[in-house]
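To keep things clear, I will list the structure first and then write my remarks on it.
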Amino acid sequence: MINVIFFASLREALGTAAIQWPAGAVDIHTLTGQLCAQGEPWASALARHDLLCARNQQLCDRTESVQDGDEIAFFPPVTGG
Amino acid sequence: MINVIFFASLREALGTAAIQWPAGAVDIHTLTGQLCAQGEPWASALARHDLLCARNQQLCDRTESVQDGDEIAFFPPVTGG
Amino acid sequence: MTPLTRIAVQNEDFSLADEYERLQNQAECGAIVSFSGRVRDLATTPLLHMTLEHYPGMTEKALADIVQQARTRWPLGMITVIHRVGKLAVNEQIVLVLVSSAHRQAAFNACEFIMDFLKSRAPFWKKETTTEGTHWVEAKASDEAAVKRW
Amino acid sequence: MTPLTRIAVQNEDFSLADEYERLQNQAECGAIVSFSGRVRDLATTPLLHMTLEHYPGMTEKALADIVQQARTRWPLGMITVIHRVGKLAVNEQIVLVLVSSAHRQAAFNACEFIMDFLKSRAPFWKKETTTEGTHWVEAKASDEAAVKRW
């Protein structure tokens with residue numbers, strides 16, 4: 001399984017902070033497609049082109065590969081400091 | 001009269017912190033020449049090409065004009081901070 | 001021995017004085033630059049408070065990574081990065097970055113570098129509560145541009 | 001009303017904490033950058049102490065002028081510049097520059113600008129006393145170069 005987590009406005013739009021998702025997607029791009037295929041609110045919320053993602057707590061591109069046991073996070077642009 | 005003052009290593013080289021000098025020099029360049037004409041240690045100490053000068057507590061060039069009652073300062077490059 | 005890097009993500013307020021005191025030990029590092037950021041009320045509708053969310057675990061790693069990048073670029077002594085999370089009132093302190101170095105420009109550059117990358121790469125999100133409701137703060141293009149300078 | 005600019009040339013030590021506290025009032029200025037410099041012992045012969053000479057009267061004017069130049073370049077809130085003179089031991093604080101602004105980059109730039117110009121334009125001179133005698137510190141070409149950047 002993959003632990004998929006969401007933060008800030010994305011978490012609120014999805015109404016969930018984390019889901020367990022079956023392993024199988026080769027990369028984050030594919031995983032995003034699988035999540036969007038669930039319909040709304042997933043398709044709209046994950047369509048934001050400025051969303052960032054991280055694999056195992058490290059910022060990465062959508063081309064980053066995904067493996068069983070990974071923690072994949074999606075979140076809007078950060079606004080700390 | 002002009003109040004001419006010296007700081008730091010220049011003050012030590014001249015052995016004096018301040019002198020009263022008759023007005024008459026048109027600019028600081030001329031004044032410097034008059035001071036150097038006193039011989040040593042003036043000629044050598046004031047020959048340092050990196051010496052800075054100030055007229056009435058404002059940094060200036062040697063071309064700055066001099067008037068009766070002015071305070072003219074000579075000093076080495078500053079090293080504060 | 002005092003560790004060279006101190007990173008903290010916390011609810012509690014911090015004291016610049018205490019953190020500065022900690023950096024005083026290193027005789028060879030004569031230059032200390034600090035940045036501190038506080039909650040501002042610049043909106044047209046009065047700000048009641050701000051809530052800072054973060055990504056526990058990743059936040060500390062991201063900050064440590066940014067500090068490490070700074071250390072590869074400049075000769076630095078001690079570095080402290082503290083970022084608060086949770087509910088913060090107007091005028092409360094949010095973030096502190098302290099950098100010591102033997103060289104003034106290195107300390108300035110590193111402190112600004114850390115702040116620039118913290119703003120665009122560390123997983124924190126601000127939500128503002130005004131008299132008219134709550135909203136997430138939008139990221140600024142100028143912050144992304146600031147990162148591109150380095 | 002708290003004055004926007006505070007300039008002090010003094011024998012006594014200063015407290016970053018106290019000066020920082022003074023800048024906390026301005027709600028619109030969320031960014032505060034500070035620089036502090038201390039006496040370093042980097043020489044090959046051990047430094048016993050340092051003596052700072054200055055040009056009373058001109059020093060304060062030169063610092064006020066530098067602060068004024070910074071204010072024409074960036075939108076700034078409160079600014080504090082404190083420089084010590086007289087005899088200072090190794091590790092003692094020499095100089096403090098604190099700048100507040102609504103903008104992070106403005107605060108960083110102004111603090112660095114003030115330090116660069118203070119180093120090359122304000123009439124202070126350092127004399128070091130080591131175990132082998134006393135000597136005046138030489139000005140560094142890098143400090144003059146730092147001023148040319150602006």
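Each chain in the structure tokens gets a letter, A, B and so on, in the order shown; residues start at 1 in every chain, and ligands are counted from 1 in the order they appear.
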
Q: Tell me the residues of chain B close to chain D, meaning within 10 Å using only C-alpha atoms, as a count of residues only.
A: 20

Would you list which chain C residues are within 6 Å of chain D using only C-alpha atoms, as a CSV table (one decimal) with N, CA, C and O atoms, in the first residue's frame?
chain,number,residue,atom,x,y,z
C,17,ALA,N,16.9,36.7,22.1
C,17,ALA,CA,18.0,36.9,23.0
C,17,ALA,C,18.7,35.6,23.4
C,17,ALA,O,19.9,35.4,23.4
C,27,ALA,N,34.4,32.1,19.1
C,27,ALA,CA,35.2,33.3,19.0
C,27,ALA,C,35.6,33.6,17.6
C,27,ALA,O,35.8,34.8,17.3
C,28,GLU,N,35.7,32.6,16.8
C,28,GLU,CA,36.2,32.9,15.4
C,28,GLU,C,35.1,33.4,14.5
C,28,GLU,O,35.3,33.8,13.4
C,30,GLY,N,32.8,36.3,14.1
C,30,GLY,CA,32.6,37.6,14.6
C,30,GLY,C,31.3,38.2,14.0
C,30,GLY,O,30.8,39.3,14.5
C,31,ALA,N,30.7,37.6,13.0
C,31,ALA,CA,29.5,38.2,12.4
C,31,ALA,C,28.3,37.4,12.6
C,31,ALA,O,28.3,36.2,12.4
C,32,ILE,N,27.2,38.0,13.1
C,32,ILE,CA,26.0,37.2,13.3
C,32,ILE,C,24.8,38.0,12.7
C,32,ILE,O,24.6,39.2,12.9
C,33,VAL,N,24.1,37.4,11.8
C,33,VAL,CA,23.0,38.0,11.1
C,33,VAL,C,21.7,37.2,11.5
C,33,VAL,O,21.7,36.0,11.6
C,34,SER,N,20.7,38.0,11.9
C,34,SER,CA,19.4,37.3,12.2
C,34,SER,C,18.3,37.9,11.4
C,34,SER,O,18.3,39.0,11.0
C,35,PHE,N,17.3,37.0,11.1
C,35,PHE,CA,16.1,37.4,10.5
C,35,PHE,C,15.0,37.0,11.4
C,35,PHE,O,14.9,35.8,11.8
C,36,SER,N,14.0,37.9,11.7
C,36,SER,CA,12.8,37.4,12.4
C,36,SER,C,11.6,38.0,11.7
C,36,SER,O,11.6,39.1,11.3
C,37,GLY,N,10.6,37.1,11.6
C,37,GLY,CA,9.4,37.5,11.0
C,37,GLY,C,8.2,37.4,12.0
C,37,GLY,O,8.2,36.5,12.8
C,38,ARG,N,7.3,38.4,11.9
C,38,ARG,CA,6.2,38.4,12.8
C,38,ARG,C,4.9,38.5,12.0
C,38,ARG,O,4.9,38.9,10.8
C,40,ARG,N,1.8,40.0,10.5
C,40,ARG,CA,1.5,41.4,10.1
C,40,ARG,C,0.0,41.5,9.8
C,40,ARG,O,-0.6,40.5,9.5
C,91,ASN,N,1.2,40.3,15.4
C,91,ASN,CA,2.4,40.8,16.1
C,91,ASN,C,3.2,39.7,16.7
C,91,ASN,O,4.3,39.9,17.2

Q) When DSSP works through the backbone of this structure, what residues of chain B end up as alpha helix (DSSP H), shown as a list in words? A)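 Assigned to alpha helix (DSSP H), within chain B: Ala8, Ser9, Leu10, Arg11, Glu12, Ala13, Leu14, Ile28, His29, Thr30, Leu31, Thr32, Gly33, Gln34, Leu35, Cys36, Trp42, Ala43, Ser44 and Ala45 of chain B.
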
Restricted to all heavy atoms, what would the selected residues look like written as a tab-separated table (two decimals), in the first residue's frame?
chain	number	residue	atom	x	y	z
B	8	ALA	N	43.96	58.54	14.42
B	8	ALA	CA	44.53	57.18	14.34
B	8	ALA	C	46.03	57.20	14.03
B	8	ALA	O	46.78	57.96	14.66
B	8	ALA	CB	43.74	56.35	13.33
B	9	SER	N	46.48	56.38	13.07
B	9	SER	CA	47.92	56.27	12.79
B	9	SER	C	48.50	57.59	12.33
B	9	SER	O	49.67	57.88	12.59
B	9	SER	CB	48.18	55.17	11.75
B	9	SER	OG	47.47	55.46	10.56
B	10	LEU	N	47.71	58.41	11.65
B	10	LEU	CA	48.20	59.72	11.19
B	10	LEU	C	48.47	60.64	12.40
B	10	LEU	O	49.49	61.33	12.45
B	10	LEU	CB	47.18	60.36	10.24
B	10	LEU	CG	47.54	61.73	9.70
B	10	LEU	CD1	48.83	61.67	8.88
B	10	LEU	CD2	46.41	62.30	8.85
B	11	ARG	N	47.55	60.63	13.36
B	11	ARG	CA	47.73	61.41	14.58
B	11	ARG	C	49.02	60.98	15.29
B	11	ARG	O	49.81	61.83	15.74
B	11	ARG	CB	46.52	61.20	15.50
B	11	ARG	CG	46.64	61.81	16.89
B	11	ARG	CD	45.37	61.62	17.73
B	11	ARG	NE	44.88	60.25	17.76
B	11	ARG	CZ	45.44	59.26	18.42
B	11	ARG	NH1	46.52	59.47	19.13
B	11	ARG	NH2	44.93	58.04	18.37
B	12	GLU	N	49.25	59.67	15.35
B	12	GLU	CA	50.45	59.17	16.01
B	12	GLU	C	51.72	59.54	15.24
B	12	GLU	O	52.73	59.91	15.85
B	12	GLU	CB	50.37	57.65	16.17
B	12	GLU	CG	49.34	57.22	17.22
B	12	GLU	CD	49.35	55.73	17.49
B	12	GLU	OE1	49.94	54.98	16.69
B	12	GLU	OE2	48.77	55.32	18.50
B	13	ALA	N	51.65	59.47	13.90
B	13	ALA	CA	52.82	59.79	13.08
B	13	ALA	C	53.18	61.27	13.22
B	13	ALA	O	54.36	61.64	13.22
B	13	ALA	CB	52.55	59.45	11.61
B	14	LEU	N	52.16	62.13	13.34
B	14	LEU	CA	52.41	63.57	13.47
B	14	LEU	C	52.70	63.98	14.91
B	14	LEU	O	53.25	65.05	15.16
B	14	LEU	CB	51.19	64.35	12.96
B	14	LEU	CG	50.87	64.22	11.47
B	14	LEU	CD1	49.57	64.93	11.13
B	14	LEU	CD2	52.03	64.78	10.65
B	28	ILE	N	41.60	72.01	-0.11
B	28	ILE	CA	42.31	71.09	0.78
B	28	ILE	C	43.64	70.67	0.17
B	28	ILE	O	44.62	70.46	0.88
B	28	ILE	CB	41.41	69.88	1.12
B	28	ILE	CG1	40.22	70.37	1.94
B	28	ILE	CG2	42.19	68.82	1.90
B	28	ILE	CD1	39.26	69.29	2.37
B	29	HIS	N	43.68	70.59	-1.15
B	29	HIS	CA	44.93	70.25	-1.82
B	29	HIS	C	46.02	71.27	-1.47
B	29	HIS	O	47.15	70.90	-1.10
B	29	HIS	CB	44.70	70.21	-3.33
B	29	HIS	CG	45.89	69.75	-4.10
B	29	HIS	ND1	46.32	68.43	-4.10
B	29	HIS	CD2	46.77	70.44	-4.87
B	29	HIS	CE1	47.40	68.33	-4.84
B	29	HIS	NE2	47.70	69.54	-5.33
B	30	THR	N	45.68	72.53	-1.57
B	30	THR	CA	46.62	73.61	-1.24
B	30	THR	C	47.01	73.57	0.24
B	30	THR	O	48.19	73.72	0.60
B	30	THR	CB	45.99	74.97	-1.56
B	30	THR	OG1	45.47	74.94	-2.89
B	30	THR	CG2	47.01	76.10	-1.44
B	31	LEU	N	46.01	73.35	1.09
B	31	LEU	CA	46.26	73.26	2.53
B	31	LEU	C	47.24	72.13	2.83
B	31	LEU	O	48.18	72.30	3.64
B	31	LEU	CB	44.94	73.03	3.28
B	31	LEU	CG	45.03	72.75	4.77
B	31	LEU	CD1	45.59	73.97	5.52
B	31	LEU	CD2	43.67	72.35	5.34
B	32	THR	N	47.05	70.99	2.18
B	32	THR	CA	47.95	69.85	2.38
B	32	THR	C	49.37	70.24	2.01
B	32	THR	O	50.33	69.91	2.73
B	32	THR	CB	47.50	68.65	1.52
B	32	THR	OG1	46.10	68.41	1.73
B	32	THR	CG2	48.27	67.39	1.87
B	33	GLY	N	49.52	70.95	0.91
B	33	GLY	CA	50.84	71.40	0.48
B	33	GLY	C	51.50	72.31	1.51
B	33	GLY	O	52.69	72.17	1.82
B	34	GLN	N	50.69	73.20	2.09
B	34	GLN	CA	51.21	74.12	3.12
B	34	GLN	C	51.68	73.33	4.34
B	34	GLN	O	52.75	73.62	4.91
B	34	GLN	CB	50.13	75.11	3.54
B	34	GLN	CG	49.73	76.11	2.45
B	34	GLN	CD	48.58	77.00	2.86
B	34	GLN	OE1	47.97	76.79	3.92
B	34	GLN	NE2	48.27	78.00	2.04
B	35	LEU	N	50.91	72.34	4.72
B	35	LEU	CA	51.27	71.54	5.90
B	35	LEU	C	52.55	70.75	5.63
B	35	LEU	O	53.45	70.67	6.48
B	35	LEU	CB	50.13	70.59	6.28
B	35	LEU	CG	48.83	71.25	6.79
B	35	LEU	CD1	47.70	70.22	6.88
B	35	LEU	CD2	49.05	71.90	8.16
B	36	CYS	N	52.64	70.16	4.44
B	36	CYS	CA	53.82	69.37	4.08
B	36	CYS	C	55.08	70.24	4.03
B	36	CYS	O	56.18	69.75	4.32
B	36	CYS	CB	53.63	68.68	2.72
B	36	CYS	SG	52.46	67.30	2.78
B	42	TRP	N	55.62	65.94	8.73
B	42	TRP	CA	54.44	66.29	7.94
B	42	TRP	C	54.51	65.78	6.51
B	42	TRP	O	53.55	65.19	6.00
B	42	TRP	CB	54.26	67.82	7.94
B	42	TRP	CG	54.05	68.34	9.33
B	42	TRP	CD1	55.02	68.71	10.21
B	42	TRP	CD2	52.79	68.51	9.99
B	42	TRP	NE1	54.45	69.11	11.40
B	42	TRP	CE2	53.09	68.99	11.29
B	42	TRP	CE3	51.48	68.29	9.63
B	42	TRP	CZ2	52.08	69.27	12.23
B	42	TRP	CZ3	50.48	68.58	10.55
B	42	TRP	CH2	50.80	69.05	11.84
B	43	ALA	N	55.63	66.03	5.85
B	43	ALA	CA	55.74	65.69	4.43
B	43	ALA	C	55.49	64.20	4.18
B	43	ALA	O	54.73	63.82	3.29
B	43	ALA	CB	57.12	66.11	3.90
B	44	SER	N	56.13	63.36	5.02
B	44	SER	CA	55.96	61.91	4.83
B	44	SER	C	54.56	61.45	5.24
B	44	SER	O	53.90	60.68	4.52
B	44	SER	CB	56.99	61.14	5.67
B	44	SER	OG	58.29	61.47	5.26
B	45	ALA	N	54.11	61.91	6.41
B	45	ALA	CA	52.84	61.41	6.94
B	45	ALA	C	51.67	61.79	6.04
B	45	ALA	O	50.74	61.00	5.84
B	45	ALA	CB	52.62	61.94	8.36

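Scanning chain A with DSSP on the backbone, the strand (DSSP E or B) assignments fall on A:Ile2, A:Asn3, A:Val4, A:Ile5, A:Phe6, A:Ala18, A:Ile19, A:Gln20, A:Trp21, A:Asp27, A:Leu52, A:Cys53, A:Ala54, A:Arg55, A:Gln58, A:Leu59, A:Cys60, A:Ser65, A:Glu71, A:Ile72, A:Ala73, A:Phe74, A:Phe75.
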
Using N, CA and C atoms, can you export the residues from the last selection as a compact mmCIF listing (two decimals), in the first residue's frame?
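Output below, filename result_20.txt:
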# COMPACT_ATOMS: atom_id res chain seq x y z
N ILE A 2 0.26 2.31 -0.50
CA ILE A 2 0.93 3.62 -0.48
C ILE A 2 0.15 4.52 0.47
N ASN A 3 0.88 5.25 1.31
CA ASN A 3 0.25 6.21 2.21
C ASN A 3 0.23 7.57 1.51
N VAL A 4 -0.97 8.01 1.10
CA VAL A 4 -1.08 9.28 0.37
C VAL A 4 -1.66 10.33 1.31
N ILE A 5 -0.96 11.45 1.45
CA ILE A 5 -1.40 12.47 2.40
C ILE A 5 -1.54 13.84 1.74
N PHE A 6 -2.41 14.65 2.33
CA PHE A 6 -2.78 15.94 1.73
C PHE A 6 -2.73 17.03 2.79
N ALA A 18 -5.51 11.86 4.74
CA ALA A 18 -4.66 10.75 4.33
C ALA A 18 -5.51 9.57 3.86
N ILE A 19 -5.01 8.85 2.86
CA ILE A 19 -5.66 7.60 2.45
C ILE A 19 -4.59 6.54 2.20
N GLN A 20 -5.01 5.28 2.36
CA GLN A 20 -4.15 4.16 1.96
C GLN A 20 -4.56 3.79 0.55
N TRP A 21 -3.61 3.64 -0.35
CA TRP A 21 -3.92 3.38 -1.76
C TRP A 21 -3.10 2.19 -2.23
N ASP A 27 4.65 5.77 -11.28
CA ASP A 27 5.18 7.04 -10.84
C ASP A 27 4.06 7.92 -10.27
N LEU A 52 2.22 20.83 -5.39
CA LEU A 52 3.54 20.24 -5.20
C LEU A 52 3.38 18.81 -4.69
N CYS A 53 4.39 18.00 -4.86
CA CYS A 53 4.34 16.66 -4.29
C CYS A 53 5.68 16.28 -3.69
N ALA A 54 5.61 15.34 -2.76
CA ALA A 54 6.82 14.86 -2.09
C ALA A 54 6.74 13.34 -1.98
N ARG A 55 7.86 12.69 -2.15
CA ARG A 55 7.93 11.24 -1.95
C ARG A 55 8.81 11.00 -0.72
N GLN A 58 10.35 14.19 0.74
CA GLN A 58 11.33 14.92 -0.08
C GLN A 58 10.60 15.46 -1.30
N LEU A 59 10.68 16.77 -1.54
CA LEU A 59 10.04 17.36 -2.73
C LEU A 59 10.50 16.62 -3.98
N CYS A 60 9.58 16.40 -4.94
CA CYS A 60 9.96 15.69 -6.16
C CYS A 60 9.05 16.09 -7.31
N SER A 65 9.34 7.88 -9.32
CA SER A 65 8.72 6.56 -9.23
C SER A 65 8.11 6.33 -7.85
N GLU A 71 5.45 7.00 1.23
CA GLU A 71 4.56 8.06 1.68
C GLU A 71 4.61 9.14 0.61
N ILE A 72 3.48 9.34 -0.06
CA ILE A 72 3.39 10.35 -1.12
C ILE A 72 2.48 11.48 -0.63
N ALA A 73 2.99 12.71 -0.68
CA ALA A 73 2.20 13.85 -0.21
C ALA A 73 1.91 14.82 -1.35
N PHE A 74 0.70 15.36 -1.34
CA PHE A 74 0.32 16.41 -2.29
C PHE A 74 -0.05 17.65 -1.47
N PHE A 75 0.38 18.81 -1.95
CA PHE A 75 0.02 20.04 -1.22
C PHE A 75 0.14 21.27 -2.11

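Between atom CA of C:Trp74 and atom CA of D:Trp74 there is a distance of 26.3 Å.
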
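Atom CA of D:Lys148 sits 19.6 Å away from atom CA of D:Ala64.
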
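With distances taken over only C-alpha atoms, C:Gln10 is the one residue among C:Gln10, C:Leu4, C:Thr131, C:Gln69 lying closest to C:Gly86.
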
Q) Mind pulling up the distance from atom CA of C:Asn11 to atom CA of C:Val67? A)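 That distance, rounded to one decimal, is 21.3 Å.
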